[in-house]
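Structure record follows, encoded as structure tokens.
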Amino acid sequence: MQPLIDASQDCSPEALDVFIRRKAYKSASGSQIEVFSDLRFQVAPGESLAIMGPSGCGKSTLLRMIAGLDADYEGRIGRTGAGRTGMVFQEPTLLNWRSVEENIRLVMRDDSDGAAVLDGILERMEISAHRNHFPGELSVGLARRVGIGRALAALPGLLLMDEPFASLDSALAARLQEKIKSELALRPVTTLLVTHSFDEALSVASRLLVFAARPSRIIADVKLDDNLLDAPAHIATLRREIEDVMAQNC
């Protein structure tokens with residue numbers, strides 16, 4: 001199977017070194033909300049990291065900070081290399097006045113393989129029949145697939161995904177998880193996935209961070225070995241342990 005992304009491109013996976021001394025904001029009522037305090041972790045090049053935690057603990061905020069969309073914090077986020085970032089937002093954030101193909105082409109590099117990369121993305125995301133449609137003509141599931149395809153089309157060294165499978169039926173979500181996992185195996189990309197689902201984390205990621213409620217901190221750092229998929233009893237035990245630590249800290 002050929003990857004969507006040409007491995008010959010200069011888009012090597014990045015490493016991350018994250019230290020957030022403090023991240024806070026003022027609520028509408030004027031009170032100070034502290035999101036992170038002394039949050040530290042590293043991500044190795046090509047590693048696939050899932051992040052779980054209660055709603056409001058700052059998972060989406062963290063992705064935006066890593067992407068450079070939110071610089072209002074104390075600390076540092078180190079990235080090796082100068083690769084591109086592909087991001088899948090909670091909402092597809094497509095341009096309504098551009099077709100599916102045009103939305104994806106916006107982030108693509110201008111090279112001779114562009115047409116082949118585009119066709120591969122459309123096929124693998126199962127949206128070839130919709131390439132000339134506009135976002136207003138798409139279902140939520142189709143729009144999410146376009147968003148994932150667009151992130152891959154950027155040829156990223158760092159892929160950030162914020163609940164990319166939300167609102168999808170379980171069968172389609174499972175197919176997309178397999179597609180992304182296959183792509184990451186063929187052409188390593190450093191990946192951060194925000195999810196509320198242990199099953200999604202297990203399907204896509206090689207490591208799981210579990211965050212506590214605000215001010216958020218890491219309460220579990222778990223290696224997700226592929227061998228787990230062949231050990232249902234181990235999966236069940238790990239799931240209970242994660243649920244227990246979240247119940248105690250969230």
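In the structure tokens, each chain is lettered A, B, ... as it comes, each chain's residues begin at 1, and ligands are numbered from 1 in order of appearance.
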Inset, instruction - Write out as a PyMOL selection string all residues of range 110-210 of chain A that backbone DSSP assigns to strand (DSSP E or B). - result: chain A and resi 158-162+190-194+207-210
Legend entry - Non-local contacts of Gly78 in chain A (9 Å; only C-alpha atoms; under 3 positions in same chain excluded) as an MDAnalysis selection string: chainID A and resid 15:19 66
Inset, instruction - Give me the residues within 10 Å of range 137-144 of chain A as number ranges by chain, counting only C-alpha atoms and dropping any in the same chain fewer than 5 places off. - result: A: 88-94, 96, 99-100, 125-127, 130, 149-150, 164-169, 172-173
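Around range 221-225 of chain A, within 8 Å and counting only C-alpha atoms, the residues found are Leu202, Ala205, Ser206, Arg207, Leu208, Leu209 and Val210 of chain A, once anything fewer than 4 positions away on its own chain is removed.
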Write out, as a PDB file, in the first residue's frame, the residues just selected, with N, CA and C atoms.
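Result written to out21.pdb:
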```pdb
ATOM      1  N   LEU A 202      -6.192   3.893  21.663  1.00  0.00           N
ATOM      2  CA  LEU A 202      -5.566   2.594  21.466  1.00  0.00           C
ATOM      3  C   LEU A 202      -5.410   2.284  19.985  1.00  0.00           C
ATOM      4  N   ALA A 205      -2.781   5.645  18.578  1.00  0.00           N
ATOM      5  CA  ALA A 205      -1.591   6.153  19.258  1.00  0.00           C
ATOM      6  C   ALA A 205      -0.686   5.045  19.794  1.00  0.00           C
ATOM      7  N   SER A 206       0.577   5.422  20.016  1.00  0.00           N
ATOM      8  CA  SER A 206       1.546   4.525  20.648  1.00  0.00           C
ATOM      9  C   SER A 206       1.785   4.894  22.103  1.00  0.00           C
ATOM     10  N   ARG A 207       1.184   6.008  22.528  1.00  0.00           N
ATOM     11  CA  ARG A 207       1.366   6.476  23.905  1.00  0.00           C
ATOM     12  C   ARG A 207       0.169   7.324  24.293  1.00  0.00           C
ATOM     13  N   LEU A 208      -0.186   7.291  25.567  1.00  0.00           N
ATOM     14  CA  LEU A 208      -1.350   8.025  26.058  1.00  0.00           C
ATOM     15  C   LEU A 208      -0.973   8.867  27.271  1.00  0.00           C
ATOM     16  N   LEU A 209      -1.319  10.165  27.204  1.00  0.00           N
ATOM     17  CA  LEU A 209      -1.234  11.037  28.369  1.00  0.00           C
ATOM     18  C   LEU A 209      -2.647  11.298  28.866  1.00  0.00           C
ATOM     19  N   VAL A 210      -2.842  11.188  30.179  1.00  0.00           N
ATOM     20  CA  VAL A 210      -4.138  11.488  30.791  1.00  0.00           C
ATOM     21  C   VAL A 210      -3.968  12.723  31.654  1.00  0.00           C
TER      22      VAL A 210
END
```
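If you measure from each of A:Ala115, A:Ala28, A:Leu62, A:Ala213 to Gln248 in chain A using only C-alpha atoms, the closest one turns out to be A:Ala213.
Picture a line from CA of Ser27 in chain A to CA of Glu163 in chain A; it runs 24.2 Å.
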Legend entry - Expected answer as a VMD selection string: alpha helix (DSSP H) residues in range 52-110 of chain A: chain A and resid 59 to 67 100 to 105
Could you write those residues out with C-alpha atoms, as an mmCIF file, in the first residue's frame?
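result_31.cif, freshly written:
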```cif
data_model
loop_
_atom_site.group_PDB
_atom_site.id
_atom_site.type_symbol
_atom_site.label_atom_id
_atom_site.label_comp_id
_atom_site.auth_asym_id
_atom_site.auth_seq_id
_atom_site.Cartn_x
_atom_site.Cartn_y
_atom_site.Cartn_z
ATOM 1 C CA LYS A 59 -6.617 19.681 25.660
ATOM 2 C CA SER A 60 -7.726 21.774 22.666
ATOM 3 C CA THR A 61 -5.960 24.835 24.081
ATOM 4 C CA LEU A 62 -2.729 22.842 24.231
ATOM 5 C CA LEU A 63 -2.965 21.869 20.568
ATOM 6 C CA ARG A 64 -3.519 25.500 19.599
ATOM 7 C CA MET A 65 -0.478 26.524 21.632
ATOM 8 C CA ILE A 66 1.685 23.872 19.967
ATOM 9 C CA ALA A 67 0.395 24.955 16.548
ATOM 10 C CA VAL A 100 -13.590 20.108 -1.555
ATOM 11 C CA GLU A 101 -10.665 19.900 -3.970
ATOM 12 C CA GLU A 102 -9.919 23.624 -3.628
ATOM 13 C CA ASN A 103 -9.994 23.422 0.192
ATOM 14 C CA ILE A 104 -7.411 20.643 0.112
ATOM 15 C CA ARG A 105 -5.232 22.294 -2.541
#
```
